[in-house]
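Undergrad: My structure file protein-v3.pdb, PDB, C-alpha atoms (C1' of nucleotides), is below:
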```pdb
ATOM      1  CA  MET A   1     137.916 122.155 240.862
ATOM      2  CA  THR A   2     139.076 118.785 239.581
ATOM      3  CA  THR A   3     140.959 116.224 241.607
ATOM      4  CA  MET A   4     144.699 116.410 241.381
ATOM      5  CA  ARG A   5     146.729 113.503 240.249
ATOM      6  CA  LYS A   6     150.414 113.440 241.061
ATOM      7  CA  SER A   7     152.667 115.083 238.517
ATOM      8  CA  ARG A   8     156.403 115.567 238.381
ATOM      9  CA  LYS A   9     156.060 119.001 236.827
ATOM     10  CA  ARG A  10     153.642 120.273 239.417
ATOM     11  CA  ASP A  11     155.804 118.967 242.220
ATOM     12  CA  ARG A  12     158.781 120.819 240.821
ATOM     13  CA  ILE A  13     156.787 124.002 240.337
ATOM     14  CA  LEU A  14     155.776 123.890 243.955
ATOM     15  CA  GLU A  15     159.342 123.207 245.067
ATOM     16  CA  ILE A  16     160.628 126.089 242.982
ATOM     17  CA  LEU A  17     158.057 128.421 244.473
ATOM     18  CA  ARG A  18     158.868 127.206 247.974
ATOM     19  CA  GLY A  19     162.539 127.697 247.284
ATOM     20  CA  THR A  20     162.327 131.447 246.819
ATOM     21  CA  ARG A  21     161.468 134.313 249.090
ATOM     22  CA  SER A  22     160.498 136.465 246.150
ATOM     23  CA  HIS A  23     156.968 136.531 244.819
ATOM     24  CA  PRO A  24     157.619 135.333 241.323
ATOM     25  CA  THR A  25     155.594 135.607 238.161
ATOM     26  CA  ALA A  26     154.601 132.615 236.067
ATOM     27  CA  GLU A  27     157.274 133.622 233.588
ATOM     28  CA  TRP A  28     159.974 133.457 236.258
ATOM     29  CA  VAL A  29     158.893 130.011 237.411
ATOM     30  CA  TYR A  30     158.841 128.956 233.775
ATOM     31  CA  GLY A  31     162.428 130.111 233.313
ATOM     32  CA  ARG A  32     163.562 128.118 236.323
ATOM     33  CA  LEU A  33     161.685 124.999 235.355
ATOM     34  CA  ARG A  34     162.996 125.129 231.827
ATOM     35  CA  ARG A  35     166.548 124.695 233.088
ATOM     36  CA  GLU A  36     165.729 121.128 234.000
ATOM     37  CA  SER A  37     162.846 120.516 231.566
ATOM     38  CA  PRO A  38     163.720 122.448 228.423
ATOM     39  CA  HIS A  39     160.522 121.400 226.684
ATOM     40  CA  VAL A  40     158.112 122.430 229.389
ATOM     41  CA  SER A  41     155.492 124.849 228.142
ATOM     42  CA  LEU A  42     154.382 128.092 229.668
ATOM     43  CA  GLY A  43     150.829 126.830 229.518
ATOM     44  CA  THR A  44     151.752 123.993 231.846
ATOM     45  CA  VAL A  45     153.196 126.447 234.324
ATOM     46  CA  TYR A  46     150.080 128.598 234.275
ATOM     47  CA  ARG A  47     147.813 125.577 234.584
ATOM     48  CA  ASN A  48     149.696 124.180 237.520
ATOM     49  CA  LEU A  49     150.077 127.470 239.350
ATOM     50  CA  GLY A  50     146.354 127.964 238.896
ATOM     51  CA  GLN A  51     145.571 124.542 240.259
ATOM     52  CA  LEU A  52     147.866 124.873 243.220
ATOM     53  CA  ALA A  53     146.244 128.200 244.037
ATOM     54  CA  GLU A  54     142.755 126.767 243.624
ATOM     55  CA  HIS A  55     143.616 124.032 246.079
ATOM     56  CA  GLY A  56     144.997 126.545 248.540
ATOM     57  CA  ILE A  57     148.492 125.139 248.360
ATOM     58  CA  ILE A  58     149.921 128.414 247.154
ATOM     59  CA  LYS A  59     148.545 131.937 246.931
ATOM     60  CA  ARG A  60     147.988 134.226 244.007
ATOM     61  CA  ILE A  61     148.488 137.856 244.966
ATOM     62  CA  ASP A  62     146.578 140.569 243.205
ATOM     63  CA  PHE A  63     143.109 142.036 243.355
ATOM     64  CA  GLY A  64     141.516 138.932 241.947
ATOM     65  CA  SER A  65     141.498 140.379 238.489
ATOM     66  CA  ALA A  66     144.261 141.543 236.227
ATOM     67  CA  VAL A  67     142.234 144.532 235.138
ATOM     68  CA  GLU A  68     143.356 147.960 236.211
ATOM     69  CA  ARG A  69     140.891 150.022 238.154
ATOM     70  CA  TYR A  70     140.819 153.746 238.710
ATOM     71  CA  GLU A  71     139.338 156.011 241.325
ATOM     72  CA  ALA A  72     138.964 159.737 241.712
ATOM     73  CA  ASN A  73     139.429 159.653 245.483
ATOM     74  CA  ILE A  74     143.122 160.370 245.884
ATOM     75  CA  LEU A  75     143.025 160.783 249.655
ATOM     76  CA  SER A  76     144.543 157.874 251.527
ATOM     77  CA  HIS A  77     141.871 155.326 252.279
ATOM     78  CA  HIS A  78     141.339 151.605 252.547
ATOM     79  CA  HIS A  79     139.353 149.180 250.422
ATOM     80  CA  PHE A  80     136.920 146.342 250.701
ATOM     81  CA  VAL A  81     137.191 143.725 247.970
ATOM     82  CA  CYS A  82     134.425 141.242 247.263
ATOM     83  CA  GLU A  83     135.898 137.824 246.577
ATOM     84  CA  ARG A  84     132.832 136.723 244.629
ATOM     85  CA  CYS A  85     132.339 139.502 242.111
ATOM     86  CA  GLY A  86     135.588 141.405 242.431
ATOM     87  CA  SER A  87     133.904 144.706 243.183
ATOM     88  CA  VAL A  88     135.840 147.248 245.190
ATOM     89  CA  ALA A  89     134.459 149.734 247.703
ATOM     90  CA  ASP A  90     136.084 152.442 249.774
ATOM     91  CA  LEU A  91     136.156 151.875 253.512
ATOM     92  CA  GLU A  92     134.576 154.747 255.365
ATOM     93  CA  VAL A  93     137.033 154.662 258.228
ATOM     94  CA  PRO A  94     139.845 157.075 259.047
ATOM     95  CA  VAL A  95     143.335 155.999 258.087
ATOM     96  CA  ASP A  96     145.739 155.575 260.976
ATOM     97  CA  GLU A  97     148.812 157.194 259.439
ATOM     98  CA  SER A  98     151.005 156.145 262.350
ATOM     99  CA  LEU A  99     150.491 152.517 261.395
ATOM    100  CA  THR A 100     152.866 152.995 258.459
ATOM    101  CA  ARG A 101     155.691 153.949 260.796
ATOM    102  CA  LYS A 102     154.893 151.241 263.345
ATOM    103  CA  LEU A 103     154.751 148.462 260.770
ATOM    104  CA  SER A 104     157.801 149.725 258.895
ATOM    105  CA  GLN A 105     159.897 149.781 262.021
ATOM    106  CA  ALA A 106     158.732 146.370 263.137
ATOM    107  CA  ALA A 107     159.365 144.866 259.708
ATOM    108  CA  GLY A 108     162.608 146.692 259.054
ATOM    109  CA  VAL A 109     161.619 148.373 255.807
ATOM    110  CA  LYS A 110     161.272 151.966 254.689
ATOM    111  CA  ALA A 111     157.714 152.664 253.665
ATOM    112  CA  ASP A 112     155.923 155.946 253.313
ATOM    113  CA  ARG A 113     152.342 154.768 253.208
ATOM    114  CA  HIS A 114     150.155 151.735 253.695
ATOM    115  CA  GLU A 115     146.871 150.423 252.472
ATOM    116  CA  ILE A 116     144.589 147.899 254.078
ATOM    117  CA  ARG A 117     142.393 145.622 252.055
ATOM    118  CA  LEU A 118     139.489 143.816 253.637
ATOM    119  CA  TYR A 119     138.312 140.728 251.798
ATOM    120  CA  GLY A 120     134.879 139.210 252.078
ATOM    121  CA  THR A 121     131.519 138.945 250.342
ATOM    122  CA  CYS A 122     129.681 142.123 249.417
ATOM    123  CA  ALA A 123     126.033 142.642 250.317
ATOM    124  CA  ALA A 124     124.836 142.113 246.755
ATOM    125  CA  CYS A 125     126.612 138.780 246.438
ATOM    126  CA  ALA A 126     125.509 137.653 249.879
ATOM    127  CA  ARG A 127     121.919 138.335 248.840
ATOM    128  CA  LYS A 128     122.322 136.175 245.761
ATOM    129  CA  GLY A 129     122.737 133.110 247.912
ATOM    130  CA  ARG A 130     125.337 131.180 249.689
ATOM    131  CA  LYS A 131     126.591 128.914 246.924
ATOM    132  CA  GLY A 132     129.962 129.747 245.442
TER     133      GLY A 132
ATOM    134  CA  MET B   1     155.567 163.358 232.510
ATOM    135  CA  THR B   2     154.546 165.847 229.836
ATOM    136  CA  THR B   3     152.625 169.022 230.447
ATOM    137  CA  MET B   4     148.887 168.744 230.146
ATOM    138  CA  ARG B   5     146.930 170.898 227.799
ATOM    139  CA  LYS B   6     143.216 171.243 228.396
ATOM    140  CA  SER B   7     141.085 168.706 226.627
ATOM    141  CA  ARG B   8     137.354 168.192 226.492
ATOM    142  CA  LYS B   9     137.732 164.426 226.520
ATOM    143  CA  ARG B  10     139.998 164.350 229.521
ATOM    144  CA  ASP B  11     137.719 166.678 231.442
ATOM    145  CA  ARG B  12     134.795 164.385 230.794
ATOM    146  CA  ILE B  13     136.773 161.295 231.754
ATOM    147  CA  LEU B  14     137.609 162.912 235.061
ATOM    148  CA  GLU B  15     134.001 163.945 235.612
ATOM    149  CA  ILE B  16     132.784 160.453 234.834
ATOM    150  CA  LEU B  17     135.232 158.974 237.294
ATOM    151  CA  ARG B  18     134.270 161.511 239.933
ATOM    152  CA  GLY B  19     130.635 160.729 239.338
ATOM    153  CA  THR B  20     130.831 157.128 240.485
ATOM    154  CA  ARG B  21     131.575 155.477 243.789
ATOM    155  CA  SER B  22     132.637 152.314 242.044
ATOM    156  CA  HIS B  23     136.223 151.734 241.014
ATOM    157  CA  PRO B  24     135.768 151.377 237.293
ATOM    158  CA  THR B  25     137.955 149.864 234.634
ATOM    159  CA  ALA B  26     139.059 151.739 231.531
ATOM    160  CA  GLU B  27     136.495 149.766 229.562
ATOM    161  CA  TRP B  28     133.691 150.981 231.805
ATOM    162  CA  VAL B  29     134.744 154.603 231.478
ATOM    163  CA  TYR B  30     134.986 154.073 227.739
ATOM    164  CA  GLY B  31     131.412 152.802 227.622
ATOM    165  CA  ARG B  32     130.173 155.848 229.479
ATOM    166  CA  LEU B  33     132.127 158.302 227.396
ATOM    167  CA  ARG B  34     130.971 156.707 224.182
ATOM    168  CA  ARG B  35     127.372 157.588 224.980
ATOM    169  CA  GLU B  36     128.208 161.213 224.360
ATOM    170  CA  SER B  37     131.206 160.807 222.034
ATOM    171  CA  PRO B  38     130.484 157.732 219.912
ATOM    172  CA  HIS B  39     133.775 158.007 218.062
ATOM    173  CA  VAL B  40     136.037 158.205 221.070
ATOM    174  CA  SER B  41     138.694 155.513 221.062
ATOM    175  CA  LEU B  42     139.679 153.198 223.861
ATOM    176  CA  GLY B  43     143.259 154.333 223.385
ATOM    177  CA  THR B  44     142.239 157.862 224.281
ATOM    178  CA  VAL B  45     140.637 156.641 227.473
ATOM    179  CA  TYR B  46     143.725 154.692 228.481
ATOM    180  CA  ARG B  47     146.009 157.590 227.640
ATOM    181  CA  ASN B  48     143.983 160.050 229.636
ATOM    182  CA  LEU B  49     143.483 157.808 232.641
ATOM    183  CA  GLY B  50     147.208 157.209 232.615
ATOM    184  CA  GLN B  51     147.968 160.893 232.483
ATOM    185  CA  LEU B  52     145.521 161.800 235.198
ATOM    186  CA  ALA B  53     147.065 159.117 237.391
ATOM    187  CA  GLU B  54     150.589 160.302 236.597
ATOM    188  CA  HIS B  55     149.628 163.791 237.654
ATOM    189  CA  GLY B  56     148.110 162.498 240.869
ATOM    190  CA  ILE B  57     144.638 163.664 239.935
ATOM    191  CA  ILE B  58     143.235 160.155 240.132
ATOM    192  CA  LYS B  59     144.580 156.869 241.464
ATOM    193  CA  ARG B  60     145.255 153.585 239.769
ATOM    194  CA  ILE B  61     144.668 150.677 242.112
ATOM    195  CA  ASP B  62     146.644 147.505 241.739
ATOM    196  CA  PHE B  63     150.094 146.252 242.615
ATOM    197  CA  GLY B  64     151.777 148.525 240.144
ATOM    198  CA  SER B  65     151.934 145.777 237.603
ATOM    199  CA  ALA B  66     149.254 143.766 235.923
ATOM    200  CA  VAL B  67     151.310 140.617 236.221
ATOM    201  CA  GLU B  68     150.088 137.909 238.537
ATOM    202  CA  ARG B  69     152.433 136.855 241.267
ATOM    203  CA  TYR B  70     152.451 133.687 243.313
ATOM    204  CA  GLU B  71     153.793 132.725 246.700
ATOM    205  CA  ALA B  72     154.111 129.501 248.615
ATOM    206  CA  ASN B  73     153.486 131.126 251.986
ATOM    207  CA  ILE B  74     149.770 130.615 252.486
ATOM    208  CA  LEU B  75     149.726 131.800 256.089
ATOM    209  CA  SER B  76     148.178 135.212 256.523
ATOM    210  CA  HIS B  77     150.846 137.871 256.270
ATOM    211  CA  HIS B  78     151.408 141.368 254.980
ATOM    212  CA  HIS B  79     153.496 142.707 252.130
ATOM    213  CA  PHE B  80     155.947 145.423 251.294
ATOM    214  CA  VAL B  81     155.799 146.678 247.718
ATOM    215  CA  CYS B  82     158.601 148.664 246.131
ATOM    216  CA  GLU B  83     157.183 151.467 244.043
ATOM    217  CA  ARG B  84     160.319 151.678 241.920
ATOM    218  CA  CYS B  85     160.885 148.107 240.807
ATOM    219  CA  GLY B  86     157.625 146.490 241.784
ATOM    220  CA  SER B  87     159.256 143.816 243.903
ATOM    221  CA  VAL B  88     157.223 142.325 246.709
ATOM    222  CA  ALA B  89     158.476 141.121 250.077
ATOM    223  CA  ASP B  90     156.753 139.512 253.023
ATOM    224  CA  LEU B  91     156.549 141.571 256.182
ATOM    225  CA  GLU B  92     158.038 139.741 259.119
ATOM    226  CA  VAL B  93     155.467 140.981 261.583
ATOM    227  CA  PRO B  94     152.619 139.109 263.232
ATOM    228  CA  VAL B  95     149.166 139.664 261.776
ATOM    229  CA  ASP B  96     146.667 141.225 264.135
ATOM    230  CA  GLU B  97     143.648 139.105 263.287
ATOM    231  CA  SER B  98     141.354 141.244 265.407
ATOM    232  CA  LEU B  99     141.931 144.142 263.034
ATOM    233  CA  THR B 100     139.659 142.469 260.490
ATOM    234  CA  ARG B 101     136.737 142.569 262.885
ATOM    235  CA  LYS B 102     137.469 146.074 264.113
ATOM    236  CA  LEU B 103     137.725 147.530 260.641
ATOM    237  CA  SER B 104     134.738 145.595 259.339
ATOM    238  CA  GLN B 105     132.534 146.822 262.127
ATOM    239  CA  ALA B 106     133.685 150.394 261.765
ATOM    240  CA  ALA B 107     133.181 150.321 257.992
ATOM    241  CA  GLY B 108     129.947 148.358 258.026
ATOM    242  CA  VAL B 109     131.053 145.505 255.808
ATOM    243  CA  LYS B 110     131.402 141.772 256.296
ATOM    244  CA  ALA B 111     135.011 140.746 255.795
ATOM    245  CA  ASP B 112     136.786 137.616 256.906
ATOM    246  CA  ARG B 113     140.370 138.684 256.472
ATOM    247  CA  HIS B 114     142.558 141.649 255.743
ATOM    248  CA  GLU B 115     145.890 142.368 254.213
ATOM    249  CA  ILE B 116     148.135 145.350 254.692
ATOM    250  CA  ARG B 117     150.441 146.591 251.993
ATOM    251  CA  LEU B 118     153.293 148.925 252.798
ATOM    252  CA  TYR B 119     154.557 150.987 249.890
ATOM    253  CA  GLY B 120     157.999 152.519 249.642
ATOM    254  CA  THR B 121     161.399 152.071 248.085
ATOM    255  CA  CYS B 122     163.260 148.820 248.632
ATOM    256  CA  ALA B 123     166.890 148.759 249.797
ATOM    257  CA  ALA B 124     168.202 147.768 246.373
ATOM    258  CA  CYS B 125     166.465 150.634 244.623
ATOM    259  CA  ALA B 126     167.442 153.117 247.316
ATOM    260  CA  ARG B 127     171.064 152.095 246.765
ATOM    261  CA  LYS B 128     170.789 152.756 243.051
ATOM    262  CA  GLY B 129     170.281 156.429 243.709
ATOM    263  CA  ARG B 130     167.654 158.917 244.430
ATOM    264  CA  LYS B 131     166.517 159.810 240.956
ATOM    265  CA  GLY B 132     163.263 158.334 239.919
TER     266      GLY B 132
ATOM    267  C1'  DT C   1     141.061 101.874 230.933
ATOM    268  C1'  DT C   2     140.200 106.617 231.501
ATOM    269  C1'  DG C   3     140.508 110.930 232.995
ATOM    270  C1'  DA C   4     144.291 114.084 234.380
ATOM    271  C1'  DG C   5     148.666 116.130 232.648
ATOM    272  C1'  DT C   6     151.559 117.944 228.875
ATOM    273  C1'  DG C   7     153.646 120.399 224.650
ATOM    274  C1'  DC C   8     152.571 123.194 221.081
ATOM    275  C1'  DA C   9     150.398 126.665 218.786
ATOM    276  C1'  DA C  10     146.550 129.458 218.198
ATOM    277  C1'  DA C  11     143.256 132.407 220.521
ATOM    278  C1'  DC C  12     141.981 135.957 223.828
ATOM    279  C1'  DT C  13     142.015 140.109 226.664
ATOM    280  C1'  DA C  14     143.785 144.156 228.417
ATOM    281  C1'  DT C  15     146.810 147.678 227.301
ATOM    282  C1'  DT C  16     150.090 150.290 224.452
ATOM    283  C1'  DT C  17     151.790 152.502 220.400
ATOM    284  C1'  DG C  18     152.698 154.462 215.472
ATOM    285  C1'  DC C  19     150.744 157.496 212.505
ATOM    286  C1'  DA C  20     148.315 161.183 210.239
ATOM    287  C1'  DA C  21     144.986 164.626 211.174
ATOM    288  C1'  DC C  22     143.465 168.082 214.461
ATOM    289  C1'  DT C  23     143.558 171.620 218.170
ATOM    290  C1'  DG C  24     144.591 174.618 222.043
ATOM    291  C1'  DG C  25     147.669 178.279 223.760
TER     292       DG C  25
ATOM    293  C1'  DC D   1     153.192 177.651 214.731
ATOM    294  C1'  DC D   2     154.271 173.669 217.851
ATOM    295  C1'  DA D   3     153.570 170.474 221.050
ATOM    296  C1'  DG D   4     149.786 168.001 223.004
ATOM    297  C1'  DT D   5     145.449 165.292 221.681
ATOM    298  C1'  DT D   6     142.717 162.154 219.067
ATOM    299  C1'  DG D   7     140.827 158.134 216.149
ATOM    300  C1'  DC D   8     142.106 154.182 214.085
ATOM    301  C1'  DA D   9     144.359 150.115 213.526
ATOM    302  C1'  DA D  10     148.142 147.334 214.423
ATOM    303  C1'  DA D  11     151.203 145.627 217.902
ATOM    304  C1'  DT D  12     152.334 143.858 222.638
ATOM    305  C1'  DA D  13     152.181 141.252 226.822
ATOM    306  C1'  DG D  14     150.178 138.162 229.821
ATOM    307  C1'  DT D  15     147.167 134.431 230.142
ATOM    308  C1'  DT D  16     144.039 130.866 228.449
ATOM    309  C1'  DT D  17     142.552 127.129 225.539
ATOM    310  C1'  DG D  18     141.919 123.320 221.819
ATOM    311  C1'  DC D  19     144.003 119.313 220.346
ATOM    312  C1'  DA D  20     146.480 115.093 220.147
ATOM    313  C1'  DC D  21     149.346 112.432 222.850
ATOM    314  C1'  DT D  22     151.185 110.584 227.363
ATOM    315  C1'  DC D  23     150.858 109.014 231.945
ATOM    316  C1'  DA D  24     149.126 107.955 236.603
ATOM    317  C1'  DA D  25     145.810 105.452 239.360
TER     318       DA D  25
END
```
Let me see whether you can do it: turn the structure in this file into structure tokens.
TA:
Amino acid sequence: MTTMRKSRKRDRILEILRGTRSHPTAEWVYGRLRRESPHVSLGTVYRNLGQLAEHGIIKRIDFGSAVERYEANILSHHHFVCERCGSVADLEVPVDESLTRKLSQAAGVKADRHEIRLYGTCAACARKGRKG
Amino acid sequence: MTTMRKSRKRDRILEILRGTRSHPTAEWVYGRLRRESPHVSLGTVYRNLGQLAEHGIIKRIDFGSAVERYEANILSHHHFVCERCGSVADLEVPVDESLTRKLSQAAGVKADRHEIRLYGTCAACARKGRKG
DNA sequence: TTGAGTGCAAACTATTTGCAACTGG
DNA sequence: CCAGTTGCAAATAGTTTGCACTCAA
């Protein structure tokens, strides 16, 4: 993680992201930024979003990898995701179906299911030492 | 969603997936399948995994899109994901931090945070009609 | 001055698709 | 026989990277 110098582009990218309630893609941010900086490159947007995320100023939301994963267990269940190696494991705990209704009502949305993801370090990675 | 004929390859793909507790990628399944069918193509694996998922026989785990999304809200919060259009919205409900510990203990893993994702149909999509 | 930031284009990776041959019902 | 399945290769889509140039500290 390198130190961050100040940059007009990055500032604007952050402002754009802060100015929306949606959870935009890099492409969307690029489109917005291009209105004021027609020559900005998509690479710059990716680089800056990545840096901002690395510094904890914004968040990237996905499973930590863009790769699709599949599982044969189609019963509702939750997952544990290792933030070091990206491995995924099923949680051996019962799913509280009523939580979907409770959360939906509280949040004012219409959902028919929910999934919980626990994030941490898996046993294998923990064994390999504490450095990141 | 087309009808599914029986196919040796698809049967094996399903068996391979059922034979692991990991949550493999298409590439991983491909590697396994190639041990017994050296000429199988990656396209076949993708097509079959996709079909099995479409028919609800297996599950695909991700946000419904392989595109990375970013958000400026770095405080812990949950999300609502529309299964029609893939849009993501923050849930305006407080996060129960103690749930991380409770779930971790019950599942026997070491996690330091959790995230809940509600899945359903967003208001905009619901308005556009019931067909899907 | 010097290392970070940028535009541009090329490279990469994961996934999808067109096509001709094959196969199950 | 006919629609679904497959291998192969080419095409996409999203993301990353090398390079030369610019800019901030």
Undergrad: If we count only C-alpha atoms (C1' of nucleotides) and set the cut-off at 12 Å, which residues sit around D:DA10, ignoring sequence neighbours fewer than 6 positions away in its own chain? Please answer as a PyMOL selection string.
TA: chain C and resi 16-19
Undergrad: Taking the file above as input, evaluate the PyMOL selection byres ((chain D) within 12 of (chain B)) and report the hits as a list in words.
TA: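 With the shown file as input, the PyMOL selection byres ((chain D) within 12 of (chain B)) matches DA3, DG4, DT5, DT6, DG7, DC8, DA9, DA13, DG14 and DT15 of chain D.
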Undergrad: To one decimal place in Å, what is the distance between atom CA of B:Ala126 and atom CA of A:Gln105?
TA: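 Separation between atom CA of B:Ala126 and atom CA of A:Gln105: 16.9 Å.
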Undergrad: Using all atoms listed in the file, which residues of chain C come within 10 Å of chain B, and what is the closest atom pair for each, with the distance in Å to one decimal? Give it as a tab-separated table, sorted by chain and residue number.
TA:
```
residue	atom	partner	partner_atom	distance
C:DA14	C1'	B:Glu27	CA	9.3
C:DT15	C1'	B:Tyr46	CA	7.8
C:DT16	C1'	B:Gly43	CA	8.0
C:DT17	C1'	B:Gly43	CA	9.2
C:DT23	C1'	B:Ser7	CA	9.3
C:DG24	C1'	B:Arg5	CA	7.2
C:DG25	C1'	B:Arg5	CA	8.4
```
Undergrad: Determine, using all atoms listed in the file, which residues of chain A have any atom at most 6 Å from an atom of chain B, and tabulate each with its shortest atom pair and distance in Å to one decimal place, rows ordered by chain and then rising number, as a tab-separated table.
TA:
```
residue	atom	partner	partner_atom	distance
A:Leu17	CA	B:Ala72	CA	5.8
A:Arg18	CA	B:Ala72	CA	5.3
A:His23	CA	B:Glu71	CA	5.3
A:Pro24	CA	B:Arg69	CA	5.4
A:Thr25	CA	B:Arg69	CA	4.6
A:Ile58	CA	B:Ala72	CA	4.6
A:Lys59	CA	B:Glu71	CA	5.3
A:Arg60	CA	B:Tyr70	CA	4.5
A:Ile61	CA	B:Arg69	CA	5.5
A:Ala66	CA	B:Ala66	CA	5.5
A:Glu68	CA	B:Thr25	CA	5.9
A:Arg69	CA	B:Thr25	CA	4.6
A:Tyr70	CA	B:Arg60	CA	4.6
A:Glu71	CA	B:His23	CA	5.3
A:Ala72	CA	B:Ile58	CA	4.6
A:Ile74	CA	B:Ile58	CA	5.8
A:Leu91	CA	B:Ala107	CA	5.6
A:Glu92	CA	B:Ala107	CA	5.3
A:Val93	CA	B:Ala107	CA	5.8
A:Ala107	CA	B:Glu92	CA	5.3
A:Ala111	CA	B:Gly120	CA	4.0
A:Asp112	CA	B:Gly120	CA	5.4
A:Arg113	CA	B:Tyr119	CA	5.5
A:His114	CA	B:Leu118	CA	4.3
A:Glu115	CA	B:Arg117	CA	5.3
A:Ile116	CA	B:Ile116	CA	4.4
A:Arg117	CA	B:Glu115	CA	5.2
A:Leu118	CA	B:His114	CA	4.3
A:Tyr119	CA	B:Ala111	CA	5.2
A:Gly120	CA	B:Ala111	CA	4.0
```
Undergrad: Between atom C1' of C:DT2 and atom C1' of D:DA25, what distance in Å does the model show, to one decimal?
TA: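 According to the coordinates, atom C1' of C:DT2 and atom C1' of D:DA25 are separated by 9.7 Å.
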Undergrad: Which distance in Å separates atom CA of B:Val45 and atom C1' of D:DC2, to one decimal?
TA: 23.8 Å
Undergrad: Could you please give me, as an NGL selection string, the residues of protein, DNA or RNA lying at most 7 Å from (140.1, 123.3, 243.7) in the coordinate frame of the file, considering only C-alpha atoms (C1' of nucleotides)?
TA: :A and (1-2 or 51 or 54-55)
Undergrad: Identify, on the basis of all atoms listed in the file, every residue whose closest approach to D:DT17 does not exceed 10 Å; exclude the query and any residue fewer than 5 positions from it along the same chain; express the result as a VMD selection string.
TA: (chain A and resid 43) or (chain C and resid 10 to 12)
